[in-house]
file target.txt (compact mmCIF, C-alpha atoms and all ligand atoms)
# COMPACT_ATOMS: atom_id res chain seq x y z
CA MET O 18 0.00 0.00 0.00
CA ALA O 19 1.59 3.32 -1.06
CA HIS O 20 1.33 6.53 0.93
CA VAL O 21 0.20 9.94 -0.29
CA LYS O 22 0.98 13.20 1.56
CA ILE O 23 -1.83 15.65 2.20
CA PHE O 24 -1.09 19.35 1.71
CA ASP O 25 -3.89 21.52 3.04
CA THR O 26 -4.30 25.02 1.61
CA THR O 27 -7.54 26.03 3.36
CA LEU O 28 -5.72 28.95 4.99
CA ARG O 29 -4.28 30.23 1.69
CA ASP O 30 -6.18 29.14 -1.47
CA GLY O 31 -9.28 28.49 0.67
CA GLU O 32 -9.09 31.99 2.08
CA GLN O 33 -8.98 33.27 -1.50
CA SER O 34 -12.70 32.37 -1.74
CA PRO O 35 -14.54 35.58 -2.58
CA GLY O 36 -16.00 37.08 0.59
CA VAL O 37 -13.78 35.14 3.01
CA ASN O 38 -11.43 36.95 5.37
CA LEU O 39 -10.05 35.10 8.38
CA ASN O 40 -8.47 36.93 11.29
CA GLN O 41 -5.32 35.69 13.01
CA LEU O 42 -7.15 33.93 15.83
CA GLU O 43 -9.47 32.14 13.43
CA LYS O 44 -6.53 31.04 11.30
CA LEU O 45 -4.73 29.70 14.36
CA GLU O 46 -7.81 27.77 15.53
CA ILE O 47 -8.22 26.20 12.08
CA ALA O 48 -4.47 25.41 11.98
CA LYS O 49 -4.72 23.55 15.32
CA GLN O 50 -7.67 21.54 14.01
CA LEU O 51 -5.81 20.74 10.76
CA GLU O 52 -2.97 19.40 12.91
CA ARG O 53 -5.46 17.17 14.78
CA PHE O 54 -6.89 16.09 11.43
CA GLY O 55 -3.38 14.88 10.54
CA VAL O 56 -2.53 16.85 7.40
CA ASP O 57 1.18 16.50 6.53
CA ILE O 58 1.64 20.09 5.37
CA MET O 59 -0.49 23.18 5.86
CA GLU O 60 -0.15 26.32 3.79
CA ALA O 61 -0.83 28.96 6.43
CA GLY O 62 -1.04 31.95 4.09
CA PHE O 63 0.82 34.31 1.79
CA PRO O 64 3.12 36.27 4.13
CA ALA O 65 3.96 39.06 1.65
CA SER O 66 0.29 39.73 0.90
CA SER O 67 -0.45 41.69 4.10
CA LYS O 68 0.87 42.45 7.57
CA GLY O 69 -2.02 40.49 9.06
CA ASP O 70 -1.29 37.41 6.98
CA PHE O 71 2.42 37.66 7.84
CA GLU O 72 1.55 37.66 11.56
CA ALA O 73 -0.90 34.79 11.17
CA VAL O 74 1.67 32.65 9.33
CA ARG O 75 4.34 33.48 11.92
CA GLN O 76 2.06 32.57 14.82
CA ILE O 77 1.01 29.30 13.18
CA ALA O 78 4.64 28.44 12.34
CA ARG O 79 5.59 28.96 16.00
CA THR O 80 2.64 27.00 17.40
CA ILE O 81 2.11 23.98 15.16
CA LYS O 82 4.57 21.19 15.87
CA ASN O 83 3.27 18.01 14.22
CA THR O 84 2.50 19.39 10.77
CA SER O 85 4.92 21.09 8.44
CA VAL O 86 3.92 24.74 7.88
CA THR O 87 4.46 26.55 4.59
CA GLY O 88 3.68 29.92 3.02
CA LEU O 89 3.23 31.13 -0.54
CA ALA O 90 5.66 33.45 -2.34
CA ARG O 91 5.97 34.89 -5.82
CA THR O 92 9.29 34.56 -7.64
CA LYS O 93 10.59 37.72 -5.97
CA LYS O 94 13.44 38.00 -3.49
CA SER O 95 11.36 40.29 -1.25
CA ASP O 96 8.50 37.72 -1.06
CA ILE O 97 10.99 34.96 -0.22
CA ASP O 98 12.66 37.08 2.48
CA ILE O 99 9.31 37.94 4.06
CA ALA O 100 8.27 34.27 3.93
CA TRP O 101 11.51 33.31 5.67
CA ASP O 102 10.86 35.82 8.47
CA ALA O 103 7.38 34.38 8.94
CA LEU O 104 8.42 30.71 8.74
CA LYS O 105 11.93 30.45 10.17
CA ASP O 106 10.70 29.38 13.63
CA ALA O 107 8.62 26.50 12.23
CA GLU O 108 9.54 22.94 13.13
CA GLU O 109 10.27 22.25 9.45
CA PRO O 110 10.24 25.55 7.50
CA ARG O 111 9.16 25.27 3.92
CA ILE O 112 8.28 27.68 1.16
CA HIS O 113 5.96 27.44 -1.82
CA ILE O 114 7.04 29.49 -4.85
CA PHE O 115 5.00 29.71 -8.03
CA LEU O 116 5.47 30.99 -11.57
CA ALA O 117 3.18 30.50 -14.55
CA THR O 118 4.28 28.29 -17.44
CA SER O 119 1.37 28.38 -19.91
CA PRO O 120 1.70 30.43 -23.13
CA ILE O 121 -1.38 32.46 -22.19
CA HIS O 122 0.04 33.44 -18.77
CA MET O 123 3.61 33.98 -19.99
CA THR O 124 2.48 36.21 -22.88
CA TYR O 125 -0.28 38.29 -21.31
CA LYS O 126 0.39 38.25 -17.58
CA LEU O 127 4.14 37.85 -17.15
CA LYS O 128 5.18 39.32 -20.52
CA LYS O 129 8.22 37.01 -20.44
CA THR O 130 9.64 34.56 -22.96
CA PRO O 131 9.77 30.87 -21.97
CA ASP O 132 13.55 31.15 -21.47
CA GLU O 133 13.12 34.15 -19.19
CA VAL O 134 10.53 32.20 -17.19
CA ILE O 135 12.99 29.33 -16.75
CA GLN O 136 15.73 31.74 -15.68
CA THR O 137 13.50 33.47 -13.09
CA ALA O 138 12.23 30.18 -11.66
CA VAL O 139 15.75 28.75 -11.36
CA GLU O 140 17.16 31.92 -9.77
CA MET O 141 14.39 32.18 -7.21
CA VAL O 142 14.40 28.49 -6.29
CA SER O 143 18.20 28.71 -5.76
CA TYR O 144 17.72 31.86 -3.68
CA ALA O 145 15.03 30.22 -1.53
CA LYS O 146 17.19 27.14 -1.13
CA GLN O 147 19.82 29.21 0.68
CA LYS O 148 17.30 29.60 3.52
CA PHE O 149 14.75 26.79 3.31
CA THR O 150 15.47 23.05 3.29
CA HIS O 151 12.09 22.33 1.69
CA VAL O 152 11.26 24.31 -1.42
CA GLU O 153 8.07 23.61 -3.35
CA TRP O 154 7.86 25.06 -6.83
CA SER O 155 4.52 25.30 -8.67
CA ALA O 156 4.11 25.66 -12.40
CA GLU O 157 1.02 27.84 -12.32
CA ASP O 158 -1.45 26.88 -15.08
CA ALA O 159 0.61 23.72 -15.69
CA CYS O 160 -2.33 22.04 -17.37
CA ARG O 161 -2.47 24.55 -20.23
CA SER O 162 1.32 24.45 -20.65
CA ASP O 163 3.31 22.74 -23.37
CA LEU O 164 4.43 19.39 -21.92
CA ASP O 165 7.96 19.57 -23.37
CA PHE O 166 8.44 23.03 -21.93
CA LEU O 167 6.99 21.90 -18.61
CA ALA O 168 9.41 18.96 -18.47
CA ARG O 169 12.33 21.29 -19.31
CA ILE O 170 11.55 23.83 -16.58
CA VAL O 171 10.78 21.13 -13.99
CA GLU O 172 14.18 19.51 -14.66
CA LYS O 173 15.93 22.87 -14.17
CA VAL O 174 14.16 23.81 -10.92
CA ILE O 175 14.92 20.35 -9.50
CA ASP O 176 18.58 20.95 -10.33
CA ALA O 177 18.27 24.33 -8.59
CA GLY O 178 17.13 22.62 -5.38
CA ALA O 179 13.33 22.24 -5.46
CA THR O 180 12.19 19.34 -3.27
CA VAL O 181 8.52 19.37 -4.32
CA ILE O 182 7.15 19.93 -7.81
CA ASN O 183 3.51 20.93 -8.01
CA LEU O 184 1.55 20.79 -11.27
CA PRO O 185 -1.64 22.78 -10.65
CA ASP O 186 -4.77 22.76 -12.74
CA THR O 187 -5.10 26.44 -11.90
CA VAL O 188 -8.27 27.04 -13.91
CA GLY O 189 -9.98 23.66 -13.40
CA TYR O 190 -9.83 22.84 -17.10
CA ILE O 191 -8.28 19.40 -17.39
CA THR O 192 -9.95 15.95 -17.45
CA PRO O 193 -8.81 12.98 -15.33
CA GLU O 194 -7.24 11.11 -18.24
CA GLU O 195 -5.33 14.19 -19.40
CA TYR O 196 -4.14 15.02 -15.88
CA GLY O 197 -2.92 11.45 -15.40
CA ASN O 198 -0.99 11.86 -18.65
CA VAL O 199 0.73 15.05 -17.39
CA PHE O 200 2.07 13.11 -14.38
CA ARG O 201 3.14 10.14 -16.48
CA TYR O 202 4.87 12.46 -18.93
CA MET O 203 6.90 14.11 -16.15
CA LYS O 204 7.84 10.73 -14.70
CA GLU O 205 9.02 9.51 -18.09
CA ASN O 206 10.79 12.67 -19.25
CA VAL O 207 12.32 14.43 -16.23
CA PRO O 208 15.58 12.76 -15.11
CA ASN O 209 15.44 13.34 -11.32
CA ILE O 210 11.71 13.37 -10.86
CA ASP O 211 11.77 10.41 -8.46
CA LYS O 212 14.02 12.36 -6.09
CA VAL O 213 11.28 14.94 -5.35
CA SER O 214 7.66 14.87 -4.20
CA LEU O 215 5.28 15.25 -7.12
CA SER O 216 2.17 17.17 -6.21
CA ALA O 217 -1.34 17.68 -7.65
CA HIS O 218 -3.41 20.82 -7.06
CA CYS O 219 -6.85 20.93 -8.67
CA HIS O 220 -9.58 23.52 -9.02
CA ASP O 221 -13.22 22.64 -9.45
CA ASP O 222 -14.45 24.84 -12.32
CA LEU O 223 -15.77 21.79 -14.20
CA GLY O 224 -16.57 19.81 -11.05
CA MET O 225 -13.59 17.47 -11.55
CA ALA O 226 -11.13 18.56 -8.85
CA VAL O 227 -11.50 15.42 -6.71
CA ILE O 228 -11.42 12.89 -9.52
CA ASN O 229 -8.51 14.72 -11.17
CA SER O 230 -6.57 14.53 -7.88
CA ILE O 231 -7.24 10.81 -7.72
CA ALA O 232 -6.14 10.40 -11.36
CA ALA O 233 -2.88 12.13 -10.39
CA ILE O 234 -2.36 9.65 -7.53
CA GLU O 235 -2.93 6.77 -9.92
CA ASN O 236 -0.24 8.20 -12.20
CA GLY O 237 2.55 8.96 -9.76
CA ALA O 238 1.57 11.96 -7.61
CA THR O 239 2.90 11.56 -4.08
CA GLN O 240 1.25 14.67 -2.65
CA ILE O 241 -2.27 16.06 -3.02
CA GLU O 242 -3.26 19.65 -2.35
CA GLY O 243 -6.76 20.76 -1.46
CA THR O 244 -8.98 22.46 1.07
CA ILE O 245 -11.58 21.55 3.67
CA ASN O 246 -15.10 21.63 2.20
CA GLY O 247 -13.48 22.35 -1.19
CA ILE O 248 -13.48 26.11 -0.62
CA GLY O 249 -11.17 28.28 -2.74
CA GLU O 250 -10.84 30.60 -5.74
CA ARG O 251 -13.96 30.66 -7.97
CA ALA O 252 -15.57 27.18 -7.77
CA GLY O 253 -13.00 26.10 -5.21
CA ASN O 254 -10.27 23.50 -4.76
CA ALA O 255 -10.36 19.73 -4.41
CA ALA O 256 -12.22 18.80 -1.19
CA LEU O 257 -9.70 16.96 0.97
CA GLU O 258 -12.35 15.15 3.02
CA GLU O 259 -13.79 13.66 -0.17
CA ILE O 260 -10.38 12.50 -1.41
CA ALA O 261 -9.54 11.01 2.01
CA VAL O 262 -12.77 9.05 2.25
CA ALA O 263 -12.65 7.91 -1.38
CA LEU O 264 -9.11 6.58 -0.87
CA ASN O 265 -10.26 4.77 2.26
CA ILE O 266 -13.56 3.31 1.00
CA ARG O 267 -12.10 2.34 -2.39
CA ASN O 268 -8.68 1.31 -1.22
CA ASP O 269 -9.24 -1.98 -3.04
CA LYS O 270 -8.86 0.13 -6.20
CA TYR O 271 -6.65 3.08 -5.29
CA LYS O 272 -4.25 1.32 -2.87
CA HIS O 273 -3.04 4.53 -1.19
CA THR O 274 -3.19 5.56 2.46
CA THR O 275 -2.92 8.97 4.14
CA ASN O 276 -2.08 10.11 7.69
CA LEU O 277 -5.51 11.71 8.07
CA VAL O 278 -7.63 10.99 11.14
CA LEU O 279 -10.94 10.47 9.39
CA ASN O 280 -13.17 10.90 12.42
CA GLU O 281 -11.91 14.49 12.73
CA ILE O 282 -13.51 15.31 9.36
CA LYS O 283 -16.84 16.60 10.63
CA ARG O 284 -15.29 18.78 13.34
CA THR O 285 -12.82 20.25 10.83
CA SER O 286 -15.55 20.90 8.28
CA ASP O 287 -17.79 22.60 10.86
CA LEU O 288 -15.00 24.84 12.12
CA VAL O 289 -13.98 25.96 8.61
CA SER O 290 -17.60 26.61 7.69
CA LYS O 291 -18.18 28.63 10.87
CA PHE O 292 -15.10 30.86 10.53
CA THR O 293 -15.28 31.37 6.77
CA GLY O 294 -19.06 31.82 6.72
CA MET O 295 -19.18 29.42 3.76
CA ILE O 296 -22.18 27.17 4.27
CA VAL O 297 -21.74 23.50 3.39
CA PRO O 298 -24.43 22.55 0.83
CA PRO O 299 -26.80 19.95 2.36
CA ASN O 300 -26.10 17.43 -0.40
CA LYS O 301 -22.31 17.81 -0.27
CA ALA O 302 -20.50 14.45 -0.26
CA VAL O 303 -19.14 13.27 3.11
CA VAL O 304 -20.00 16.35 5.23
CA GLY O 305 -23.34 17.68 3.91
CA ARG O 306 -26.33 17.54 6.28
CA ASN O 307 -28.03 15.03 3.97
CA ALA O 308 -24.98 12.80 3.40
CA PHE O 309 -26.27 10.35 6.02
CA ALA O 310 -29.99 11.17 5.90
CA HIS O 311 -32.58 8.86 4.37
CA GLU O 312 -36.10 9.86 3.45
CA ALA O 313 -37.58 7.21 1.17
CA GLY O 314 -39.51 4.44 2.96
CA ILE O 315 -37.70 1.71 1.05
CA HIS O 316 -34.32 3.18 1.98
CA GLN O 317 -35.31 3.71 5.62
CA ASP O 318 -36.57 0.11 5.87
CA GLY O 319 -33.26 -1.13 4.36
CA VAL O 320 -31.11 1.01 6.67
CA LEU O 321 -33.05 -0.14 9.75
CA LYS O 322 -32.43 -3.77 8.75
CA ASN O 323 -28.78 -3.21 7.82
CA ALA O 324 -27.24 0.26 7.32
CA SER O 325 -24.89 -0.95 4.59
CA THR O 326 -27.88 -1.39 2.25
CA TYR O 327 -27.79 2.34 1.51
CA GLU O 328 -24.68 3.66 3.29
CA ILE O 329 -21.20 3.04 1.90
CA ILE O 330 -19.60 5.31 4.52
CA THR O 331 -20.47 4.93 8.19
CA PRO O 332 -21.29 8.27 9.88
CA GLU O 333 -18.90 7.34 12.72
CA MET O 334 -16.01 7.06 10.25
CA VAL O 335 -16.16 10.79 9.56
CA GLY O 336 -17.04 11.84 13.11
CA ILE O 337 -20.81 12.08 12.77
CA HIS O 338 -22.78 10.62 15.67
CA SER O 339 -25.36 8.67 13.69
CA ASN O 340 -27.35 8.59 10.50
CA ASN O 341 -30.67 10.35 10.29
CA LEU O 342 -33.99 8.95 9.10
CA VAL O 343 -35.92 12.01 8.02
CA LEU O 344 -39.66 11.63 8.37
CA GLY O 345 -41.38 12.99 5.28
CA LYS O 346 -43.94 11.95 2.70
CA HIS O 347 -41.76 9.18 1.31
CA SER O 348 -41.21 7.54 4.70
CA GLY O 349 -42.72 4.16 5.52
CA ARG O 350 -44.29 2.53 8.58
CA HIS O 351 -41.04 0.83 9.64
CA ALA O 352 -39.14 4.13 10.12
CA PHE O 353 -42.22 5.71 11.68
CA LYS O 354 -42.58 2.94 14.24
CA ASP O 355 -38.85 3.09 15.02
CA LYS O 356 -39.17 6.82 15.72
CA VAL O 357 -42.24 6.30 17.94
CA ILE O 358 -40.22 3.87 20.08
CA GLN O 359 -37.23 6.25 20.15
CA LEU O 360 -39.50 9.01 21.44
CA GLY O 361 -40.50 6.75 24.34
CA TYR O 362 -44.08 5.84 23.34
CA GLN O 363 -45.43 2.35 23.89
CA LEU O 364 -48.35 1.94 21.51
CA SER O 365 -50.24 -1.07 20.22
CA GLU O 366 -49.85 -1.96 16.53
CA GLU O 367 -53.37 -0.64 15.99
CA LYS O 368 -52.52 2.75 17.55
CA ILE O 369 -49.30 2.94 15.55
CA THR O 370 -51.28 2.38 12.34
CA GLU O 371 -53.69 5.12 13.35
CA ALA O 372 -50.85 7.54 14.17
CA PHE O 373 -49.09 6.61 10.91
CA GLN O 374 -52.22 7.59 8.96
CA SER O 375 -52.33 11.03 10.66
CA PHE O 376 -48.62 11.43 10.00
CA LYS O 377 -49.12 10.65 6.27
CA LEU O 378 -51.90 13.25 6.04
CA LEU O 379 -49.56 15.82 7.60
CA THR O 380 -46.73 15.05 5.15
CA ASP O 381 -48.89 16.28 2.28
CA ARG O 382 -48.81 19.69 3.92
CA LYS O 383 -45.34 19.66 5.46
CA LYS O 384 -42.00 18.71 3.83
CA GLU O 385 -40.34 17.55 7.04
CA VAL O 386 -42.21 16.37 10.11
CA THR O 387 -40.53 17.43 13.36
CA ASP O 388 -40.47 15.74 16.77
CA GLU O 389 -42.95 18.38 17.99
CA ASP O 390 -45.41 17.39 15.21
CA LEU O 391 -45.02 13.77 16.23
CA PHE O 392 -45.61 14.51 19.90
CA THR O 393 -48.94 16.12 18.97
CA ILE O 394 -50.02 13.19 16.78
CA LEU O 395 -48.91 10.54 19.28
CA THR O 396 -50.43 12.26 22.29
CA ASP O 397 -53.76 12.56 20.43
CA VAL O 398 -53.71 8.87 19.50
CA GLN O 399 -52.65 7.83 23.00
CA THR O 400 -55.39 9.79 24.76
CA GLU O 401 -58.21 8.62 22.44
CA SER O 402 -60.22 5.80 23.96
O1 LIG Z 1 -4.07 27.19 -8.46
C1 LIG Z 1 -2.87 27.53 -8.47
O2 LIG Z 1 -2.18 27.49 -9.48
C2 LIG Z 1 -2.30 28.01 -7.22
C3 LIG Z 1 -0.83 28.23 -7.20
C4 LIG Z 1 -0.43 29.40 -6.42
C5 LIG Z 1 -0.17 26.96 -6.74
O3 LIG Z 1 -2.99 28.12 -6.23
ZN ZN Z 2 -4.93 27.08 -6.49
call {"tool": "encode", "arguments": {"input": "target.txt", "output": "structure tokens", "more": "lines below"}}
Ligand code: KIV
Ligand code: ZN
result
Amino acid sequence: MAHVKIFDTTLRDGEQSPGVNLNQLEKLEIAKQLERFGVDIMEAGFPASSKGDFEAVRQIARTIKNTSVTGLARTKKSDIDIAWDALKDAEEPRIHIFLATSPIHMTYKLKKTPDEVIQTAVEMVSYAKQKFTHVEWSAEDACRSDLDFLARIVEKVIDAGATVINLPDTVGYITPEEYGNVFRYMKENVPNIDKVSLSAHCHDDLGMAVINSIAAIENGATQIEGTINGIGERAGNAALEEIAVALNIRNDKYKHTTNLVLNEIKRTSDLVSKFTGMIVPPNKAVVGRNAFAHEAGIHQDGVLKNASTYEIITPEMVGIHSNNLVLGKHSGRHAFKDKVIQLGYQLSEEKITEAFQSFKLLTDRKKEVTDEDLFTILTDVQTES
């Protein structure tokens, strides 16, 4: 069974979600929870972006001991110097430097030739290497880059001292098969690629961030980057909790483990949602309110007989207390009777049938029947002679 490292960027790319602004205390609280969750690396922020972010990264670097802490920097000496000041007290200081490699970014954004891009990347990785032992270099917009050029620049930055090479799908454009091919191509064409960690970083513009990350693992990635609840720029980043659970549930197929403590998932998700103000959609995989809720009578009957009929993930695995049988118009007598017993009523089969009929009438008027509604129905039935 191979191992894949988890690089969490909730506090950097996640914080780039429009409308999100975390203060230093909130960032520190999330960092402590990410450490409990067992991520291998956390990107605490972008120290050169603001005084507040610098302070937050410095505080996290000084506090977190069991997870490696990193910070983002552009290919500029001043960014690298500021990152060093913020990260030098970390247990294992590391830096994450990025520079775009796609024709569209090099021409319009950087206004640099491919050779100039190589030269800048090499110079800045060498400069960072004088301070940091661990230097991650990202080829921004790697997935719209020419593969030969990508292989050429990756080879040079490895020679300059990079210890991690990240190939981001910055704009969420690539498909799983194509992304797998990018990783295979690097493995086959870059001489020292096996000496460094090879990382995937996916965005969700086409809803493929998680499956693209998994395709990368299947094709040689040894590190996966993502965020809690999939928050991030535009449509967000790959949701780490989904990747973690998919690797666990389908480890017959993917054969990779992580250091993540899965039953910390729910707590981590709740904390990130609370501090960022980004609500988790009810139907979101793994952590959504409905992920372990069943409404249809046939499903509820199955789950009451054996939960694995309709649940491939146990709620306990991800830190949720129990599943939830929602009583609504699709519910059947089995779930209804189970709920009556749970609420402490002891009714004859005849009374239960009577109460069930009243409940069904109510469901035509109400989407979800609450415990209070049930108390009324059951008390009425109980007190009738
Ligand atoms: O999506 C991206 O390309 C990034 C880089 C800074 C790694 O977030
Ligand atoms: Zn990103």
call {"tool": "residues_near_ligand", "arguments": {"input": "target.txt", "ligand": "ligand ZN 2 (chain Z)", "cutoff": "9 Å", "atoms": "all atoms listed in the file", "output": "MDAnalysis selection string"}}
result
chainID O and resid 26 29:31 33 157 185:188 218:220 242:243 249:250 253:254
call {"tool": "residues_around", "arguments": {"input": "target.txt", "residues": "Asp96 in chain O", "least_positions_apart": "4", "cutoff": "8 Å", "atoms": "all atoms listed in the file", "output": "tab-separated table (two decimals) with C-alpha atoms, in the coordinates of the input"}}
result
chain	number	residue	atom	x	y	z
O	64	PRO	CA	3.12	36.27	4.13
O	65	ALA	CA	3.96	39.06	1.65
O	90	ALA	CA	5.66	33.45	-2.34
O	91	ARG	CA	5.97	34.89	-5.82
O	92	THR	CA	9.29	34.56	-7.64
O	100	ALA	CA	8.27	34.27	3.93
call {"tool": "residues_near_point", "arguments": {"input": "target.txt", "point": "(-17.6, 19.2, 7.3)", "cutoff": "7 Å", "atoms": "all atoms listed in the file", "output": "compact mmCIF listing (two decimals) with C-alpha atoms, in the frame of the given file"}}
result
# COMPACT_ATOMS: atom_id res chain seq x y z
CA ASN O 246 -15.10 21.63 2.20
CA ILE O 282 -13.51 15.31 9.36
CA LYS O 283 -16.84 16.60 10.63
CA ARG O 284 -15.29 18.78 13.34
CA THR O 285 -12.82 20.25 10.83
CA SER O 286 -15.55 20.90 8.28
CA ASP O 287 -17.79 22.60 10.86
CA VAL O 304 -20.00 16.35 5.23
CA GLY O 305 -23.34 17.68 3.91
call {"tool": "atom_distance", "arguments": {"input": "target.txt", "atom1": "CA of Leu28 in chain O", "atom2": "CA of Glu109 in chain O"}}
result
17.9 Å
call {"tool": "closest_residue", "arguments": {"input": "target.txt", "among": "O:Gln399, O:Ser290, O:Asn323, O:Asn265", "to": "Leu39 in chain O", "atoms": "all atoms listed in the file"}}
result
O:Ser290
call {"tool": "decode", "arguments": {"input": "target.txt", "residues": "range 82-100 of chain O", "atoms": "N, CA and C atoms", "output": "PDB file, in the first residue's frame"}}
result
ATOM      1  N   LYS O  82       3.343  21.983  15.764  1.00  0.00           N
ATOM      2  CA  LYS O  82       4.571  21.187  15.872  1.00  0.00           C
ATOM      3  C   LYS O  82       4.530  19.874  15.085  1.00  0.00           C
ATOM      4  N   ASN O  83       3.330  19.344  14.862  1.00  0.00           N
ATOM      5  CA  ASN O  83       3.270  18.013  14.224  1.00  0.00           C
ATOM      6  C   ASN O  83       2.926  18.038  12.745  1.00  0.00           C
ATOM      7  N   THR O  84       2.785  19.236  12.198  1.00  0.00           N
ATOM      8  CA  THR O  84       2.499  19.386  10.766  1.00  0.00           C
ATOM      9  C   THR O  84       3.485  20.405  10.228  1.00  0.00           C
ATOM     10  N   SER O  85       4.005  20.153   9.041  1.00  0.00           N
ATOM     11  CA  SER O  85       4.924  21.095   8.438  1.00  0.00           C
ATOM     12  C   SER O  85       4.137  22.322   7.948  1.00  0.00           C
ATOM     13  N   VAL O  86       4.651  23.510   8.243  1.00  0.00           N
ATOM     14  CA  VAL O  86       3.922  24.737   7.881  1.00  0.00           C
ATOM     15  C   VAL O  86       4.647  25.425   6.722  1.00  0.00           C
ATOM     16  N   THR O  87       3.868  25.852   5.734  1.00  0.00           N
ATOM     17  CA  THR O  87       4.459  26.551   4.595  1.00  0.00           C
ATOM     18  C   THR O  87       3.711  27.847   4.308  1.00  0.00           C
ATOM     19  N   GLY O  88       4.313  28.676   3.439  1.00  0.00           N
ATOM     20  CA  GLY O  88       3.675  29.924   3.024  1.00  0.00           C
ATOM     21  C   GLY O  88       3.986  30.169   1.558  1.00  0.00           C
ATOM     22  N   LEU O  89       3.094  30.889   0.904  1.00  0.00           N
ATOM     23  CA  LEU O  89       3.233  31.126  -0.538  1.00  0.00           C
ATOM     24  C   LEU O  89       4.131  32.353  -0.810  1.00  0.00           C
ATOM     25  N   ALA O  90       4.849  32.303  -1.926  1.00  0.00           N
ATOM     26  CA  ALA O  90       5.662  33.452  -2.341  1.00  0.00           C
ATOM     27  C   ALA O  90       5.718  33.520  -3.858  1.00  0.00           C
ATOM     28  N   ARG O  91       5.726  34.738  -4.382  1.00  0.00           N
ATOM     29  CA  ARG O  91       5.973  34.895  -5.818  1.00  0.00           C
ATOM     30  C   ARG O  91       7.469  34.727  -6.070  1.00  0.00           C
ATOM     31  N   THR O  92       7.863  34.685  -7.338  1.00  0.00           N
ATOM     32  CA  THR O  92       9.295  34.560  -7.638  1.00  0.00           C
ATOM     33  C   THR O  92       9.954  35.939  -7.514  1.00  0.00           C
ATOM     34  N   LYS O  93       9.993  36.406  -6.264  1.00  0.00           N
ATOM     35  CA  LYS O  93      10.589  37.715  -5.975  1.00  0.00           C
ATOM     36  C   LYS O  93      11.396  37.553  -4.702  1.00  0.00           C
ATOM     37  N   LYS O  94      12.605  38.120  -4.693  1.00  0.00           N
ATOM     38  CA  LYS O  94      13.437  37.999  -3.486  1.00  0.00           C
ATOM     39  C   LYS O  94      12.710  38.544  -2.261  1.00  0.00           C
ATOM     40  N   SER O  95      12.005  39.680  -2.433  1.00  0.00           N
ATOM     41  CA  SER O  95      11.363  40.287  -1.254  1.00  0.00           C
ATOM     42  C   SER O  95      10.283  39.355  -0.683  1.00  0.00           C
ATOM     43  N   ASP O  96       9.516  38.677  -1.551  1.00  0.00           N
ATOM     44  CA  ASP O  96       8.500  37.722  -1.061  1.00  0.00           C
ATOM     45  C   ASP O  96       9.166  36.579  -0.285  1.00  0.00           C
ATOM     46  N   ILE O  97      10.298  36.110  -0.835  1.00  0.00           N
ATOM     47  CA  ILE O  97      10.992  34.961  -0.215  1.00  0.00           C
ATOM     48  C   ILE O  97      11.570  35.379   1.143  1.00  0.00           C
ATOM     49  N   ASP O  98      12.108  36.589   1.202  1.00  0.00           N
ATOM     50  CA  ASP O  98      12.662  37.085   2.478  1.00  0.00           C
ATOM     51  C   ASP O  98      11.557  37.216   3.530  1.00  0.00           C
ATOM     52  N   ILE O  99      10.423  37.764   3.107  1.00  0.00           N
ATOM     53  CA  ILE O  99       9.311  37.938   4.059  1.00  0.00           C
ATOM     54  C   ILE O  99       8.812  36.564   4.525  1.00  0.00           C
ATOM     55  N   ALA O 100       8.717  35.629   3.568  1.00  0.00           N
ATOM     56  CA  ALA O 100       8.265  34.272   3.932  1.00  0.00           C
ATOM     57  C   ALA O 100       9.237  33.645   4.940  1.00  0.00           C
TER      58      ALA O 100
END
